[in-house]
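First the structure, in the form of C-alpha cells, and then the observations on it.
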Amino acid sequence: MHYEVWLVIGLVLALAWANGANDIAKGVATLVGSGTTHARGAVLWAVVWTVLGGLVAIVWGSALLKVFSSGYLSAGFSVDLTFIASTLIGAAGWVLLATRLGLPVSTTHALLGGIVGAVWMAAGIDGLRLDAVTRKALMPLLISPLIAVVLSAVLLLLARCVAARVPAWSPGCCERKDWRKNPFICAGPTHSAPVSPWAGRVWVGLHWLSGGLISFARGLNDVPKIAAFLVLVVSLQPGLIALPGGDNRIPILAVTLFMAVGALWGGFRVLKILSRRVVPLDASSGVVANLGTSLLVLLASPLGIPVSTTHVSTGSLLGVRWTQGIRPRQGDALRAILFAWLITLPVAAGLAALSGLFL
C-alpha cells in the first residue's frame, strides 16, 4: 500500500512541475516582449518571486487549500487514492502536453476538470456539489479574464495620460528597441516636460517590480491548490509521513520547490508565445498588463476564489491589445490560446475519467 501512496505523491509533484513549466511565463512575458531583458533572466526573476509567493501561501493559502481538498465534493463522497490519482493524471497529463505544444493553459481549470472527471467515474454526478463547482470555480474562471480585459484597458488609458510626459520615439533619435526598454532615452531639449536622469531607471524598475508581483501572486494562488492533494494523500496514510495536526507547511514547501524546478526546466516555450505572439509591448503597456493581472489574483487568493493566472494574464494582454487597436496578424497566437481555454476542462476531465476506469 505504501508504494501506491508514494506513486500518488509523485503525481502531485509532477503536477507542480508541470505548473511551473507552463505558468512561469505569465509573470514575465511582458519583460521579454518589451525587450527589457532576455528569457533566462526573466525566468530566474519569476522563479524567485514565485517561491516567495509559495512561502507566503503557508499563511494566506489556507482558504484555497480547503476549497480544493474538499470544497467541490458532496458530503457522502469517499476520497481514496484512485480518485486523487485520476484527478492528478487528468490535470498533469494535459498541462504537460500543452507545455510541450507551447500553449499557455490554466492549471486551475485542468484541476477542476480532473476533479469532475474522477468524481463522475467514481460516483456519478451526485458526488459533486454542483452549486459549489458553479459558484466557486466556473464563474470566477469565466468572469476573471473579462474583468482583466476591462481593468487593463482602464489602466492603459490612465497610463496614456501619464505617458503624455514620456518622450515619443522618432526616427534618428535612437533605436526603437532601446526606446522600448527606456523611453526617456529620447528625452532632449525639445521635450516639454523636465526629465530627471533617473526617471528612465524608475520606469524600467517599475516594470521589473510588476513582473515580480504577478509571479508572487501566481505562487500564492497556485501552490495551495496543488498542495491540497498532497494533504489529502498524507491524510489517507497518517503513519507514512509524520505531520503535526493541521500543519500544511511541508506539503506547501514541497509543491513550491517542484514548481520552481519545473519552471527552470521548461518555462521558455510558453514564454516565447506570450512575449512575442499576442501583442507588441512597450514599457508602459507591459507594466499595465502586469498590474491588472497581479491585482486580480492577489485579491482572489486570500478569499479562496480560484482564478486562473493564465486566463487573467492573457486577458490583461488582450485588454492592452484591443485598447491599442491592434489587428490580428500572421503567426498570431490568440486563436490557439482561446482554443486551449475551451478544451482544457473537458480534456482534463476525460483523461481523469479514463484513468479512474483503468485504475
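Each chain in the C-alpha cells gets a letter, A, B, ..., in the order shown, and its residues are numbered from 1; ligands are numbered from 1 in order too.
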Set the distance at 8 Å and use only C-alpha atoms: which residues neighbour range 13-28 of chain A once local chain neighbours fewer than 2 positions away are removed? I'd like the list as an MDAnalysis selection string. chainID A and resid 9:11 30:32 42:43 46:47 88 91:92 95:96 98:99 103:107 211:215 218 223 226 254:256 258:268 270:271 274 290 309:310 313:314
Set the distance at 6 Å and use only C-alpha atoms: which residues neighbour range 117-131 of chain A once local chain neighbours fewer than 2 positions away are removed? I'd like the list as a list of chain:residue names. A:Tyr72, A:Leu73, A:Ser74, A:Phe77, A:Phe83, A:Ser86, A:Thr87, A:Gly114, A:Ile115, A:Val133, A:Thr134, A:Arg135, A:Ala349, A:Ala352, A:Ala353, A:Gly356
Based on the selection just made, write C-alpha atoms of those residues as a PDB file, in the first residue's frame.
```pdb
ATOM      1  CA  TYR A  72     -16.323  20.584  -4.500  1.00  0.00           C
ATOM      2  CA  LEU A  73     -17.182  17.114  -3.163  1.00  0.00           C
ATOM      3  CA  SER A  74     -20.529  16.037  -1.730  1.00  0.00           C
ATOM      4  CA  PHE A  77     -18.195  11.057  -1.362  1.00  0.00           C
ATOM      5  CA  PHE A  83      -9.833   9.460  -7.006  1.00  0.00           C
ATOM      6  CA  SER A  86      -7.242  10.054 -11.508  1.00  0.00           C
ATOM      7  CA  THR A  87      -7.614  13.783 -10.842  1.00  0.00           C
ATOM      8  CA  GLY A 114      -9.719  16.399 -13.278  1.00  0.00           C
ATOM      9  CA  ILE A 115     -11.913  16.555 -10.174  1.00  0.00           C
ATOM     10  CA  VAL A 133     -18.436  23.977  -8.650  1.00  0.00           C
ATOM     11  CA  THR A 134     -20.512  26.591 -10.475  1.00  0.00           C
ATOM     12  CA  ARG A 135     -20.300  29.410  -7.938  1.00  0.00           C
ATOM     13  CA  ALA A 349     -11.992  15.597 -17.259  1.00  0.00           C
ATOM     14  CA  ALA A 352      -9.260  11.726 -15.356  1.00  0.00           C
ATOM     15  CA  ALA A 353     -12.358   9.616 -16.143  1.00  0.00           C
ATOM     16  CA  GLY A 356     -10.380   6.196 -12.979  1.00  0.00           C
TER      17      GLY A 356
END
```
Rounded to one decimal, what separation in Å do you get between CA of Ile84 in chain A and CA of Val5 in chain A?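 Taking CA of Ile84 in chain A as the start and CA of Val5 in chain A as the end point, the length is 10.2 Å.
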Which of these residues is nearest to Ala336 in chain A, using only C-alpha atoms: A:Leu220, A:Ile58, A:Leu253, A:Ile273?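 That would be A:Ile273, the residue with the smallest distance to Ala336 in chain A.
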Return the single residue from A:Leu338, A:Cys161, A:Val320, A:Ile250 that is closest to Leu291 in chain A, with distances computed using only C-alpha atoms.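 Checking each candidate against Leu291 in chain A, we get A:Val320 as the closest.
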Between CA of Leu209 in chain A and CA of Val48 in chain A, measure the distance and give it in Å to one decimal.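 Here the two named atoms are 12.1 Å from each other.
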Just checking: using only C-alpha atoms, which residue out of A:Leu318, A:Pro171, A:Ser308, A:Ala63 ends up closest to Met139 in chain A?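 Among the listed residues, A:Ser308 lies closest to Met139 in chain A.
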Minimum-distance residue to His311 in chain A, chosen among A:Leu230, A:Ala85, A:Val347, A:Val149 (using only C-alpha atoms):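 Answer, going by the shortest atom-to-atom distance: A:Val149.
Each of A:Ser294, A:Ala132, A:Gly315, A:Leu44 was checked against Ala217 in chain A using only C-alpha atoms; the smallest atom-to-atom distance is that of A:Ser294.
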Straight-line distance linking CA of Ser152 in chain A with CA of Trp208 in chain A, stated in Å to one decimal: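 Here the two named atoms are 17.6 Å from each other.
When only C-alpha atoms are used to compute distances to Ala137 in chain A, the closest of the residues A:Val204, A:Leu156, A:Leu7, A:Val116 turns out to be A:Val116.
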